[in-house]
$ cat query27.txt   # compact mmCIF, C-alpha atoms and all ligand atoms
# COMPACT_ATOMS: atom_id res chain seq x y z
CA MET W 1 34.74 -72.67 -20.52
CA SER W 2 32.61 -73.85 -23.42
CA ARG W 3 31.51 -77.07 -21.71
CA LYS W 4 30.49 -75.08 -18.64
CA GLU W 5 28.55 -72.64 -20.82
CA LEU W 6 26.84 -75.52 -22.66
CA GLU W 7 25.78 -76.94 -19.30
CA LYS W 8 24.42 -73.55 -18.24
CA ILE W 9 22.38 -73.25 -21.43
CA TYR W 10 21.14 -76.82 -20.96
CA PHE W 11 19.98 -76.23 -17.38
CA LYS W 12 18.25 -72.96 -18.30
CA ALA W 13 16.15 -75.01 -20.72
CA LEU W 14 15.63 -77.91 -18.35
CA ASN W 15 14.64 -75.87 -15.30
CA LYS W 16 11.90 -74.14 -17.25
CA VAL W 17 10.10 -77.47 -17.70
CA LYS W 18 10.82 -79.03 -14.34
CA ALA W 19 7.82 -80.13 -12.30
CA LYS W 20 8.25 -77.30 -9.80
CA THR W 21 7.89 -74.62 -12.49
CA ILE W 22 5.15 -76.14 -14.61
CA ILE W 23 2.93 -77.15 -11.68
CA LYS W 24 3.35 -73.80 -9.90
CA ASP W 25 2.46 -71.99 -13.14
CA ASN W 26 -0.69 -74.04 -13.74
CA VAL W 27 -2.16 -75.22 -10.44
CA SER W 28 -3.20 -72.96 -7.57
CA ILE W 29 -5.87 -72.72 -4.89
CA LYS W 30 -7.54 -69.74 -3.23
CA GLU W 31 -10.51 -69.83 -0.87
CA ASN W 32 -11.48 -73.33 -1.96
CA ILE W 33 -11.40 -72.40 -5.63
CA LEU W 34 -9.02 -74.64 -7.52
CA ASN W 35 -7.41 -73.02 -10.58
CA ILE W 36 -6.18 -75.39 -13.25
CA VAL W 37 -4.71 -73.53 -16.23
CA ASP W 38 -7.77 -71.44 -17.23
CA GLU W 39 -10.43 -73.46 -15.37
CA LYS W 40 -11.88 -72.69 -11.95
CA ILE W 41 -13.25 -75.56 -9.88
CA ASP W 42 -15.28 -74.80 -6.75
CA LEU W 43 -14.15 -77.44 -4.28
CA ASN W 44 -17.32 -76.81 -2.19
CA LYS W 45 -19.26 -78.40 -5.03
CA ILE W 46 -17.21 -81.56 -5.36
CA LYS W 47 -16.99 -84.52 -3.01
CA LYS W 48 -13.33 -85.54 -3.18
CA LEU W 49 -10.26 -84.34 -5.06
CA TYR W 50 -7.87 -86.97 -6.45
CA ILE W 51 -4.48 -86.70 -8.15
CA PHE W 52 -3.21 -89.26 -10.65
CA SER W 53 0.24 -88.93 -12.17
CA VAL W 54 1.98 -91.25 -14.61
CA GLY W 55 5.27 -91.07 -16.53
CA LYS W 56 8.87 -90.07 -16.07
CA ALA W 57 7.75 -86.95 -14.22
CA GLY W 58 5.05 -88.93 -12.39
CA PHE W 59 6.58 -88.60 -8.94
CA SER W 60 7.90 -85.04 -9.23
CA MET W 61 4.67 -83.59 -10.66
CA ALA W 62 2.55 -85.30 -7.99
CA LYS W 63 4.89 -84.03 -5.29
CA GLU W 64 4.61 -80.44 -6.51
CA CYS W 65 0.81 -80.76 -6.55
CA GLU W 66 0.90 -81.96 -2.95
CA LYS W 67 2.92 -78.89 -1.96
CA ILE W 68 0.21 -76.63 -3.37
CA LEU W 69 -2.99 -78.51 -2.56
CA GLU W 70 -1.93 -80.32 0.62
CA ASP W 71 -4.85 -81.94 2.49
CA LYS W 72 -7.37 -80.87 -0.14
CA ILE W 73 -6.13 -84.03 -1.88
CA LYS W 74 -8.12 -87.04 -0.71
CA GLY W 75 -6.19 -89.72 -2.55
CA GLY W 76 -4.84 -90.87 -5.88
CA LEU W 77 -1.92 -92.72 -7.40
CA ALA W 78 1.43 -91.71 -8.88
CA ILE W 79 3.38 -94.11 -11.07
CA SER W 80 6.97 -93.38 -12.10
CA THR W 81 10.43 -94.92 -12.07
CA SER W 82 11.60 -92.72 -9.19
CA LYS W 83 11.99 -93.75 -5.58
CA GLY W 84 10.14 -91.94 -2.84
CA LYS W 85 7.01 -91.52 -0.78
CA LEU W 86 4.21 -88.99 -1.09
CA LYS W 87 1.97 -87.74 1.70
CA TYR W 88 -1.54 -87.82 0.27
CA ILE W 89 -1.05 -89.86 -2.91
CA LYS W 90 0.12 -93.48 -3.18
CA HIS W 91 3.32 -93.90 -5.19
CA PHE W 92 4.21 -97.02 -7.18
CA LYS W 93 7.64 -97.55 -8.80
CA SER W 94 7.20 -99.15 -12.21
CA SER W 95 9.56 -99.93 -15.10
CA HIS W 96 10.78 -98.31 -18.33
CA PRO W 97 11.42 -98.69 -21.29
CA LEU W 98 10.28 -102.32 -21.27
CA VAL W 99 6.93 -103.45 -19.91
CA SER W 100 7.38 -105.74 -16.91
CA LYS W 101 5.22 -107.40 -14.24
CA LYS W 102 5.42 -104.08 -12.38
CA SER W 103 3.86 -102.24 -15.32
CA ILE W 104 0.95 -104.68 -15.35
CA LYS W 105 0.50 -104.28 -11.60
CA ALA W 106 0.63 -100.48 -11.94
CA GLY W 107 -1.83 -100.51 -14.85
CA THR W 108 -4.27 -102.74 -12.99
CA LEU W 109 -4.02 -100.62 -9.82
CA LEU W 110 -4.66 -97.45 -11.80
CA LEU W 111 -7.65 -98.91 -13.63
CA ASP W 112 -9.13 -100.01 -10.27
CA GLU W 113 -8.54 -96.61 -8.66
CA VAL W 114 -10.04 -94.54 -11.47
CA SER W 115 -13.05 -96.83 -11.90
CA ASN W 116 -13.88 -96.28 -8.22
CA LEU W 117 -14.22 -92.50 -8.62
CA GLN W 118 -17.76 -91.16 -8.17
CA GLU W 119 -19.64 -88.69 -10.37
CA ASP W 120 -19.21 -85.85 -7.85
CA ASP W 121 -15.46 -86.38 -7.44
CA TYR W 122 -12.85 -84.38 -9.34
CA PHE W 123 -9.41 -85.49 -10.48
CA ILE W 124 -6.27 -83.95 -11.92
CA PHE W 125 -4.42 -86.40 -14.17
CA LEU W 126 -0.74 -85.53 -14.72
CA LEU W 127 0.64 -87.26 -17.80
CA SER W 128 4.27 -87.34 -18.88
CA GLY W 129 6.20 -89.36 -21.42
CA GLY W 130 7.30 -92.82 -20.44
CA ALA W 131 3.79 -93.70 -19.33
CA SER W 132 3.41 -96.22 -22.15
CA ALA W 133 5.84 -98.65 -20.56
CA MET W 134 4.91 -97.89 -16.94
CA ILE W 135 1.20 -98.75 -17.08
CA GLU W 136 -0.12 -101.68 -19.00
CA LYS W 137 -2.86 -104.24 -19.17
CA PRO W 138 -2.51 -106.37 -22.32
CA ILE W 139 -5.64 -107.30 -24.26
CA ASP W 140 -7.16 -110.61 -23.16
CA GLY W 141 -5.29 -113.63 -24.52
CA LEU W 142 -1.88 -111.96 -24.78
CA ASN W 143 0.52 -113.05 -22.03
CA LEU W 144 3.37 -110.90 -20.64
CA ASP W 145 6.10 -112.95 -22.40
CA ASP W 146 4.62 -112.46 -25.86
CA PHE W 147 3.73 -108.87 -25.04
CA SER W 148 7.34 -108.16 -23.98
CA LYS W 149 8.73 -109.74 -27.16
CA ILE W 150 6.58 -107.44 -29.27
CA SER W 151 7.58 -104.29 -27.34
CA LYS W 152 11.29 -105.22 -27.32
CA ALA W 153 11.35 -105.77 -31.07
CA LEU W 154 9.52 -102.48 -31.69
CA LEU W 155 11.87 -100.50 -29.41
CA SER W 156 15.00 -101.65 -31.28
CA SER W 157 13.51 -101.32 -34.75
CA GLY W 158 14.12 -97.59 -35.27
CA ILE W 159 10.43 -96.77 -35.88
CA ASP W 160 9.27 -93.43 -34.54
CA ILE W 161 7.19 -92.96 -31.39
CA LYS W 162 3.92 -92.30 -33.24
CA ALA W 163 4.13 -95.61 -35.09
CA LEU W 164 5.35 -97.42 -31.98
CA ASN W 165 2.47 -96.14 -29.89
CA SER W 166 -0.17 -96.98 -32.46
CA VAL W 167 0.90 -100.62 -32.15
CA ARG W 168 1.03 -100.32 -28.36
CA LYS W 169 -2.56 -98.97 -28.35
CA SER W 170 -3.84 -101.90 -30.38
CA ILE W 171 -2.69 -104.49 -27.82
CA SER W 172 -3.66 -102.66 -24.62
CA GLN W 173 -6.71 -102.29 -22.39
CA ILE W 174 -5.45 -98.90 -21.10
CA LYS W 175 -3.97 -96.98 -24.01
CA GLY W 176 -5.78 -94.95 -26.67
CA GLY W 177 -8.40 -93.48 -24.35
CA LYS W 178 -9.42 -96.81 -22.80
CA LEU W 179 -8.44 -95.68 -19.29
CA ALA W 180 -10.70 -92.62 -19.66
CA ASN W 181 -13.63 -94.86 -20.62
CA SER W 182 -13.77 -96.34 -17.13
CA ILE W 183 -14.11 -92.96 -15.33
CA LYS W 184 -17.40 -91.46 -14.04
CA ALA W 185 -15.89 -88.36 -12.35
CA GLN W 186 -15.02 -84.97 -13.85
CA GLY W 187 -11.39 -84.00 -14.28
CA SER W 188 -8.66 -82.49 -16.38
CA VAL W 189 -5.40 -83.77 -17.80
CA LEU W 190 -2.16 -81.76 -17.56
CA VAL W 191 0.42 -82.96 -20.03
CA LEU W 192 4.19 -82.63 -20.13
CA SER W 193 4.89 -83.33 -23.80
CA ASP W 194 7.81 -85.45 -24.97
CA VAL W 195 6.68 -85.95 -28.55
CA ILE W 196 7.04 -83.94 -31.73
CA GLY W 197 4.13 -81.58 -32.32
CA ASP W 198 2.76 -82.30 -28.82
CA ASP W 199 0.49 -84.94 -30.35
CA LEU W 200 -2.01 -85.89 -27.64
CA ASN W 201 -2.71 -89.15 -29.42
CA THR W 202 0.89 -90.22 -28.93
CA ILE W 203 2.11 -88.90 -25.55
CA GLY W 204 2.18 -91.87 -23.18
CA SER W 205 -0.04 -93.69 -25.75
CA ALA W 206 -2.95 -91.38 -24.85
CA PRO W 207 -4.58 -93.28 -21.96
CA MET W 208 -7.01 -90.41 -21.26
CA ASN W 209 -7.56 -89.02 -24.75
CA ASN W 210 -10.98 -89.88 -26.28
CA GLY W 211 -12.50 -86.45 -26.07
CA LYS W 212 -14.03 -86.99 -22.63
CA PHE W 213 -11.51 -84.88 -20.66
CA LYS W 214 -9.82 -81.60 -21.49
CA HIS W 215 -6.04 -81.93 -22.00
CA TYR W 216 -3.60 -79.03 -21.46
CA ILE W 217 0.04 -79.06 -22.58
CA ILE W 218 1.88 -77.40 -19.68
CA GLY W 219 5.47 -78.08 -20.72
CA ASN W 220 7.32 -79.01 -23.89
CA ASN W 221 10.61 -78.79 -25.76
CA LYS W 222 9.81 -75.39 -27.32
CA ILE W 223 9.09 -73.71 -23.96
CA ALA W 224 12.43 -75.05 -22.69
CA LEU W 225 14.50 -73.96 -25.70
CA LYS W 226 12.93 -70.49 -25.73
CA LYS W 227 14.22 -70.00 -22.19
CA ALA W 228 17.69 -71.20 -23.22
CA LYS W 229 17.65 -68.79 -26.18
CA LYS W 230 16.77 -65.88 -23.94
CA TYR W 231 19.72 -66.67 -21.68
CA ILE W 232 22.38 -67.04 -24.38
CA ASP W 233 21.08 -64.31 -26.71
CA LYS W 234 23.08 -61.57 -24.96
CA LYS W 235 26.33 -63.51 -25.04
CA VAL W 236 26.74 -64.36 -28.74
CA ASP W 237 26.26 -62.59 -32.08
CA LYS W 238 23.47 -64.88 -33.23
CA THR W 239 21.11 -67.32 -31.49
CA LYS W 240 18.57 -69.43 -33.31
CA ILE W 241 16.16 -72.21 -32.43
CA ILE W 242 16.58 -74.15 -35.67
CA THR W 243 13.83 -76.68 -34.90
CA THR W 244 11.91 -78.29 -32.06
CA SER W 245 10.82 -81.20 -34.22
CA LEU W 246 14.02 -82.95 -35.25
CA ASP W 247 12.95 -86.51 -36.02
CA LYS W 248 15.61 -87.87 -38.35
CA ASN W 249 17.68 -91.00 -37.90
CA SER W 250 21.09 -90.27 -36.43
CA ILE W 251 22.90 -90.46 -39.82
CA GLU W 252 20.61 -87.88 -41.46
CA ALA W 253 20.48 -85.76 -38.31
CA SER W 254 24.25 -85.52 -38.14
CA SER W 255 24.56 -84.41 -41.74
CA TYR W 256 21.68 -81.92 -41.35
CA ILE W 257 23.19 -80.37 -38.21
CA SER W 258 26.73 -80.39 -39.65
CA ASN W 259 25.61 -78.44 -42.74
CA ILE W 260 23.86 -75.82 -40.62
CA ILE W 261 26.94 -75.46 -38.39
CA LYS W 262 29.13 -74.88 -41.47
CA GLU W 263 26.73 -72.23 -42.77
CA TYR W 264 26.69 -70.29 -39.46
CA ASP W 265 30.41 -70.76 -38.93
CA LYS W 266 31.09 -68.86 -42.16
CA LYS W 267 28.75 -66.01 -41.22
CA TYR W 268 29.19 -65.40 -37.47
CA GLU W 269 32.08 -65.01 -35.09
CA SER W 270 29.96 -66.42 -32.29
CA PHE W 271 26.59 -68.17 -32.26
CA CYS W 272 24.34 -70.61 -30.47
CA LEU W 273 22.14 -73.01 -32.41
CA LEU W 274 19.40 -74.88 -30.59
CA PHE W 275 17.75 -78.04 -31.87
CA GLY W 276 15.01 -80.01 -30.15
CA GLY W 277 13.32 -83.27 -30.98
CA GLU W 278 14.02 -86.95 -30.94
CA THR W 279 16.28 -88.78 -33.38
CA THR W 280 16.10 -92.52 -33.97
CA THR W 281 18.74 -95.24 -33.93
CA ILE W 282 18.75 -98.85 -35.00
CA VAL W 283 20.26 -101.04 -32.30
CA GLU W 284 21.87 -104.12 -33.80
CA ALA W 285 24.71 -104.69 -31.33
CA ASN W 286 25.04 -105.08 -27.57
CA GLY W 287 26.98 -101.92 -26.69
CA LYS W 288 26.08 -99.19 -24.23
CA GLY W 289 24.65 -96.05 -25.71
CA GLY W 290 21.65 -93.99 -26.66
CA ARG W 291 20.36 -91.80 -29.46
CA ASN W 292 21.99 -88.61 -28.10
CA GLN W 293 25.41 -90.14 -27.62
CA GLU W 294 25.18 -91.86 -31.00
CA LEU W 295 24.36 -88.53 -32.64
CA ALA W 296 27.27 -86.87 -30.80
CA LEU W 297 29.59 -89.63 -32.04
CA ARG W 298 28.39 -89.20 -35.62
CA LEU W 299 28.85 -85.42 -35.37
CA LEU W 300 32.40 -86.03 -34.20
CA ILE W 301 33.12 -88.39 -37.08
CA ASP W 302 31.42 -86.19 -39.70
CA ASN W 303 33.13 -82.89 -38.79
CA LYS W 304 36.44 -81.16 -38.42
CA PHE W 305 35.52 -78.58 -35.78
CA ASN W 306 37.37 -75.37 -35.20
CA LYS W 307 38.58 -74.61 -31.68
CA ASN W 308 35.66 -72.34 -30.81
CA ILE W 309 32.83 -74.77 -31.48
CA SER W 310 31.44 -77.19 -28.93
CA ILE W 311 28.26 -79.27 -28.87
CA LEU W 312 26.09 -80.95 -26.27
CA CYS W 313 23.60 -83.62 -27.37
CA SER W 314 21.44 -84.66 -24.45
CA GLY W 315 18.12 -86.05 -23.38
CA SER W 316 16.01 -84.16 -20.87
CA ASP W 317 14.95 -87.12 -18.71
CA GLY W 318 18.43 -88.03 -17.49
CA ILE W 319 18.87 -91.40 -19.17
CA ASP W 320 20.00 -91.88 -22.77
CA GLY W 321 19.16 -95.34 -24.11
CA ASN W 322 20.66 -98.19 -22.09
CA SER W 323 23.39 -96.05 -20.49
CA ASP W 324 23.67 -94.10 -17.24
CA ALA W 325 24.49 -90.87 -19.06
CA ASN W 326 22.07 -88.26 -20.40
CA GLY W 327 24.20 -87.36 -23.43
CA ALA W 328 27.67 -86.32 -24.52
CA PHE W 329 29.87 -83.36 -25.49
CA VAL W 330 31.82 -82.91 -28.69
CA ASP W 331 34.54 -80.32 -29.38
CA PHE W 332 37.92 -79.75 -30.96
CA GLU W 333 39.80 -81.24 -28.01
CA ILE W 334 38.06 -84.59 -28.14
CA SER W 335 39.02 -85.03 -31.78
CA GLU W 336 42.65 -84.35 -30.81
CA LYS W 337 42.40 -86.78 -27.89
CA ILE W 338 41.11 -89.67 -30.01
CA LYS W 339 43.94 -89.17 -32.49
CA LYS W 340 46.47 -89.38 -29.65
CA LEU W 341 44.82 -92.44 -28.13
CA ASN W 342 44.35 -94.01 -31.54
CA LEU W 343 40.66 -94.71 -30.80
CA ASN W 344 38.52 -95.85 -33.69
CA ALA W 345 35.24 -93.95 -33.28
CA ASN W 346 33.61 -95.88 -36.15
CA GLU W 347 34.18 -99.14 -34.33
CA TYR W 348 32.24 -97.86 -31.29
CA LEU W 349 29.48 -96.67 -33.59
CA LYS W 350 29.23 -100.10 -35.21
CA ASN W 351 28.94 -101.72 -31.77
CA CYS W 352 26.22 -99.26 -30.60
CA ASP W 353 28.75 -98.40 -27.90
CA SER W 354 28.71 -94.60 -27.92
CA ASN W 355 28.52 -94.36 -24.11
CA THR W 356 31.65 -96.49 -23.59
CA PHE W 357 33.44 -94.21 -26.04
CA PHE W 358 32.47 -90.93 -24.38
CA ASN W 359 32.84 -92.30 -20.88
CA LYS W 360 36.43 -93.38 -21.63
CA LEU W 361 37.22 -89.81 -22.62
CA SER W 362 35.16 -88.21 -19.81
CA TYR W 363 32.99 -86.53 -22.41
CA ASP W 364 29.76 -88.18 -21.29
CA PHE W 365 27.15 -85.89 -19.71
CA VAL W 366 25.75 -87.39 -16.52
CA THR W 367 22.90 -85.69 -14.68
CA GLY W 368 20.95 -88.52 -13.07
CA ILE W 369 17.16 -88.69 -13.46
CA THR W 370 15.90 -85.12 -13.88
CA GLY W 371 12.21 -85.56 -13.01
CA THR W 372 11.12 -84.05 -16.32
CA ASN W 373 10.91 -85.26 -19.93
CA VAL W 374 10.57 -83.02 -23.01
CA MET W 375 12.58 -84.94 -25.67
CA ASP W 376 16.19 -84.04 -26.46
CA PHE W 377 18.28 -80.88 -26.79
CA ILE W 378 21.19 -80.36 -29.15
CA ILE W 379 23.12 -77.20 -28.31
CA VAL W 380 25.83 -75.92 -30.63
CA LEU W 381 27.95 -73.08 -29.30
CA LYS W 382 30.61 -71.03 -31.03
CA GLU W 383 32.38 -68.66 -28.68
CA LYS W 384 34.75 -65.82 -29.39
CA ASN W 385 38.33 -65.94 -28.10
CA ASN W 386 38.25 -69.55 -26.96
CA GLY W 387 41.93 -70.08 -27.59
N1 LIG W 401 23.25 -98.88 -27.38
C1 LIG W 401 22.45 -98.01 -28.00
N2 LIG W 401 22.92 -97.17 -28.96
C2 LIG W 401 22.11 -96.29 -29.58
N3 LIG W 401 20.79 -96.15 -29.30
C3 LIG W 401 20.29 -96.95 -28.33
C4 LIG W 401 21.07 -97.90 -27.64
N4 LIG W 401 20.27 -98.55 -26.74
C5 LIG W 401 19.04 -98.00 -26.87
N5 LIG W 401 19.04 -97.05 -27.82
C6 LIG W 401 17.90 -96.23 -28.28
O1 LIG W 401 17.36 -95.59 -27.16
C7 LIG W 401 15.95 -95.49 -27.27
C8 LIG W 401 15.32 -95.65 -25.91
O2 LIG W 401 16.02 -94.84 -25.05
P1 LIG W 401 15.37 -93.89 -23.98
O3 LIG W 401 16.36 -92.83 -23.64
O4 LIG W 401 14.87 -94.76 -22.90
O5 LIG W 401 14.21 -93.29 -24.87
P2 LIG W 401 12.99 -92.40 -24.36
O6 LIG W 401 13.61 -91.23 -23.70
O7 LIG W 401 12.29 -92.08 -25.63
O8 LIG W 401 12.22 -93.28 -23.47
C9 LIG W 401 15.52 -96.59 -28.22
O9 LIG W 401 14.71 -96.00 -29.19
C10 LIG W 401 16.80 -97.12 -28.85
O10 LIG W 401 16.77 -97.00 -30.24
O1 LIG W 402 5.40 -93.02 -23.00
C1 LIG W 402 5.54 -92.91 -24.22
O2 LIG W 402 4.77 -93.40 -25.04
C2 LIG W 402 6.66 -92.10 -24.83
C3 LIG W 402 6.08 -90.86 -25.49
O3 LIG W 402 5.30 -90.10 -24.63
O4 LIG W 402 7.60 -91.72 -23.88
P1 LIG W 402 9.06 -92.41 -23.84
O5 LIG W 402 9.61 -92.34 -25.24
O6 LIG W 402 9.82 -91.59 -22.86
O7 LIG W 402 8.87 -93.81 -23.39
$ encode --input "query27.txt" --output "structure tokens" --more "lines below"
Ligand SMILES: Nc1ncnc2c1ncn2[C@@H]1O[C@H](COP(=O)(O)OP(=O)(O)O)[C@@H](O)[C@H]1O
Ligand SMILES: O=C(O)[C@@H](CO)OP(=O)(O)O
Amino acid sequence: MSRKELEKIYFKALNKVKAKTIIKDNVSIKENILNIVDEKIDLNKIKKLYIFSVGKAGFSMAKECEKILEDKIKGGLAISTSKGKLKYIKHFKSSHPLVSKKSIKAGTLLLDEVSNLQEDDYFIFLLSGGASAMIEKPIDGLNLDDFSKISKALLSSGIDIKALNSVRKSISQIKGGKLANSIKAQGSVLVLSDVIGDDLNTIGSAPMNNGKFKHYIIGNNKIALKKAKKYIDKKVDKTKIITTSLDKNSIEASSYISNIIKEYDKKYESFCLLFGGETTTIVEANGKGGRNQELALRLLIDNKFNKNISILCSGSDGIDGNSDANGAFVDFEISEKIKKLNLNANEYLKNCDSNTFFNKLSYDFVTGITGTNVMDFIIVLKEKNNG
């Protein structure tokens, strides 16, 4: 029961920030007046409308825009890691998390497209996390091999996304507002945030952010968790969004979360605690895993759970680290199972192999690519009468 309920809570959160919801809530058209958040654009006064969309939600957000605006769209480019074709907008499949030849091709294509826009054109730019790796044009003199070495080392170092992206900006001809510099047309930028504090200077390394174009955050971790809270509120004695800016390394995060669980466990017969954010891991071995599964594994090692408590640690994009899973579950039963099977959880942790561990026990959480990206969710549930 508890795993099913955790999944329900998770999908309540996720669906609130899926492309379908956030685009429908923020883009509409009536009698040639285009409404974007709180702006009204008279399409009679512009020459051509273009849509650009980059990031993990690049394809899904562009597709939802097409459904609403149809043949009002005269062109544009979507870049994502999804497969699929769009009707009015070109779609290019790029790579993530490492920059590849595809990312350079995508970055160059995008620069060309946006530099060709005219002063009387209008564009909507849809930006979601993951864009940093998907579009790139290294500064002159830096070849792809050296560029890749730098990004690979940074990605495994455990530094947070703000620091990572400030380095990325310094070696790019696209990031840090440089893409915006090449645009003559008017437009607005709709942002699906996957960073703590919705920092516009960090999301996707800020290709459009130098003050020239208005940016709107249309989806984030907080919006998602609020929806989850509303759903579970009626079912337990206490629900609380503890934070939407968890940014600790997995060791500190596990001890922080464990202490809060203990505190609530003493006070309430049933509760749901919601945490959002992005923890960090240092990858020094070749195992299969990700930050959510590593955190779940640490929570399992650090705690002796009672039978009524279960936890889901999961990303929102569908892929946790270098694994196929999105996250993992932890509960009383899994700790019993590992005792029976004589599995050494610490050994898996040392090998950065959290996914192999959870997969072996069928405790991995597999969703496939979700088409959205608002950082991670950690859901702790204590139910009454769970055996
Ligand atoms: N085997 C592993 N164990 C733990 N963490 C890992 C492993 N492989 C990659 N990671 C972590 O996963 C992060 C990248 O994963 P990803 O889910 O693609 O992140 P994002 O959603 O931010 O793009 C890296 O920061 C890295 O530290
Ligand atoms: O593109 C990026 O710079 C980051 C943050 O927005 O996203 P991700 O961590 O998913 O790669």
$ closest_atom_pairs --input "query27.txt" --of "chain W" --to "ligand LIG 402 (chain W)" --cutoff "6 Å" --atoms "all atoms listed in the file" --output "tab-separated table"
residue	atom	partner	partner_atom	distance
W:Pro97	CA	W:LIG402	O7	5.9
W:Gly129	CA	W:LIG402	O3	3.4
W:Gly130	CA	W:LIG402	O1	3.2
W:Ala131	CA	W:LIG402	O1	4.1
W:Ser132	CA	W:LIG402	O1	3.9
W:Asp194	CA	W:LIG402	O3	5.3
W:Val195	CA	W:LIG402	C3	5.8
W:Ile203	CA	W:LIG402	O3	3.5
W:Gly204	CA	W:LIG402	O1	3.4
W:Ser205	CA	W:LIG402	O2	4.9
$ axis_aligned_box --input "query27.txt" --around "segment 110-127 of chain W" --padding-each-side "3 Å" --output "lines of an AutoDock Vina configuration file"
center_x = -9.5
center_y = -92.0
center_z = -12.6
size_x = 26.3
size_y = 22.1
size_z = 16.4
$ residues_near_ligand --input "query27.txt" --ligand "ligand LIG 401 (chain W)" --cutoff "7 Å" --atoms "all atoms listed in the file" --output "list in words"
Pro97, Gly130, Leu155, Ser156, Gly158, Thr280, Thr281, Ile282, Val283, Asn286, Gly287, Lys288, Gly289, Gly290, Arg291, Glu294, Gly315, Asp317, Ile319, Asp320, Gly321, Asn322, Cys352, Asp353, Ser354 and Met375 of chain W
$ closest_residue --input "query27.txt" --among "W:Asn220, W:Ser323, W:Asn385, W:Asn32" --to "Asn15 of chain W" --atoms "only C-alpha atoms"
W:Asn220
$ atom_distance --input "query27.txt" --atom1 "atom CA of Ile232 of chain W" --atom2 "atom CA of Thr370 of chain W"
21.9 Å
$ closest_residue --input "query27.txt" --among "W:Asn209, W:Gln293, W:Ser80, W:Gln118" --to "Lys93 of chain W" --atoms "all atoms listed in the file"
W:Ser80
$ atom_distance --input "query27.txt" --atom1 "atom CA of Ser166 of chain W" --atom2 "atom CA of His96 of chain W"
17.9 Å
$ residues_near_point --input "query27.txt" --point "(19.5, -69.8, -20.3)" --cutoff "12 Å" --atoms "all atoms listed in the file" --output "compact mmCIF listing (two decimals) with C-alpha atoms, in the frame of the given file"
# COMPACT_ATOMS: atom_id res chain seq x y z
CA GLU W 5 28.55 -72.64 -20.82
CA LEU W 6 26.84 -75.52 -22.66
CA GLU W 7 25.78 -76.94 -19.30
CA LYS W 8 24.42 -73.55 -18.24
CA ILE W 9 22.38 -73.25 -21.43
CA TYR W 10 21.14 -76.82 -20.96
CA PHE W 11 19.98 -76.23 -17.38
CA LYS W 12 18.25 -72.96 -18.30
CA ALA W 13 16.15 -75.01 -20.72
CA LEU W 14 15.63 -77.91 -18.35
CA ASN W 15 14.64 -75.87 -15.30
CA LYS W 16 11.90 -74.14 -17.25
CA ILE W 223 9.09 -73.71 -23.96
CA ALA W 224 12.43 -75.05 -22.69
CA LEU W 225 14.50 -73.96 -25.70
CA LYS W 226 12.93 -70.49 -25.73
CA LYS W 227 14.22 -70.00 -22.19
CA ALA W 228 17.69 -71.20 -23.22
CA LYS W 229 17.65 -68.79 -26.18
CA LYS W 230 16.77 -65.88 -23.94
CA TYR W 231 19.72 -66.67 -21.68
CA ILE W 232 22.38 -67.04 -24.38
CA ASP W 233 21.08 -64.31 -26.71
CA LYS W 234 23.08 -61.57 -24.96
CA LYS W 235 26.33 -63.51 -25.04
CA THR W 239 21.11 -67.32 -31.49
CA CYS W 272 24.34 -70.61 -30.47
CA LEU W 274 19.40 -74.88 -30.59
CA ILE W 379 23.12 -77.20 -28.31
$ closest_residue --input "query27.txt" --among "W:Ile159, W:Lys152, W:Ile89, W:Gly76" --to "Phe123 of chain W" --atoms "all atoms listed in the file"
W:Gly76
$ atom_distance --input "query27.txt" --atom1 "atom CA of Glu347 of chain W" --atom2 "atom CA of Asn259 of chain W"
23.9 Å
$ closest_residue --input "query27.txt" --among "W:Asn359, W:Asn221, W:Ser255, W:Ser100" --to "Leu300 of chain W" --atoms "only C-alpha atoms"
W:Ser255
$ residues_around --input "query27.txt" --residues "Asp302 of chain W" --least-positions-apart "5" --cutoff "9 Å" --atoms "all atoms listed in the file" --output "MDAnalysis selection string"
chainID W and resid 254:255 258 297
$ closest_residue --input "query27.txt" --among "W:Glu333, W:Lys384, W:Val189, W:Pro138" --to "Ser270 of chain W" --atoms "only C-alpha atoms"
W:Lys384
$ closest_residue --input "query27.txt" --among "W:Phe329, W:Ser82, W:Lys382, W:Gln173" --to "Lys267 of chain W" --atoms "only C-alpha atoms"
W:Lys382
$ closest_atom_pairs --input "query27.txt" --of "segment 205-247 of chain W" --to "segment 21-27 of chain W" --cutoff "10 Å" --atoms "all atoms listed in the file" --output "CSV"
residue,atom,partner,partner_atom,distance
W:Tyr216,CA,W:Asn26,CA,9.6
W:Ile217,CA,W:Ile22,CA,9.9
W:Ile218,CA,W:Ile22,CA,6.2
W:Gly219,CA,W:Ile22,CA,6.4
W:Asn220,CA,W:Ile22,CA,10.0
$ residues_around --input "query27.txt" --residues "Ile73 of chain W" --least-positions-apart "4" --cutoff "8 Å" --atoms "only C-alpha atoms" --output "list of chain:residue names"
W:Lys48, W:Leu49, W:Tyr50, W:Ile51, W:Glu66, W:Leu69, W:Tyr88, W:Ile89
$ residues_around --input "query27.txt" --residues "Glu136 of chain W" --least-positions-apart "3" --cutoff "8 Å" --atoms "all atoms listed in the file" --output "PyMOL selection string"
chain W and resi 99+103-108+132-133+172-175
$ residues_around --input "query27.txt" --residues "Glu113 of chain W" --least-positions-apart "4" --cutoff "8 Å" --atoms "only C-alpha atoms" --output "short mmCIF file (atom, residue, chain, number, x, y, z; two decimals) with C-alpha atoms, in the frame of the given file"
data_model
loop_
_atom_site.label_atom_id
_atom_site.label_comp_id
_atom_site.auth_asym_id
_atom_site.auth_seq_id
_atom_site.Cartn_x
_atom_site.Cartn_y
_atom_site.Cartn_z
CA GLY W 76 -4.84 -90.87 -5.88
CA LEU W 77 -1.92 -92.72 -7.40
CA LEU W 109 -4.02 -100.62 -9.82
CA LEU W 117 -14.22 -92.50 -8.62
#
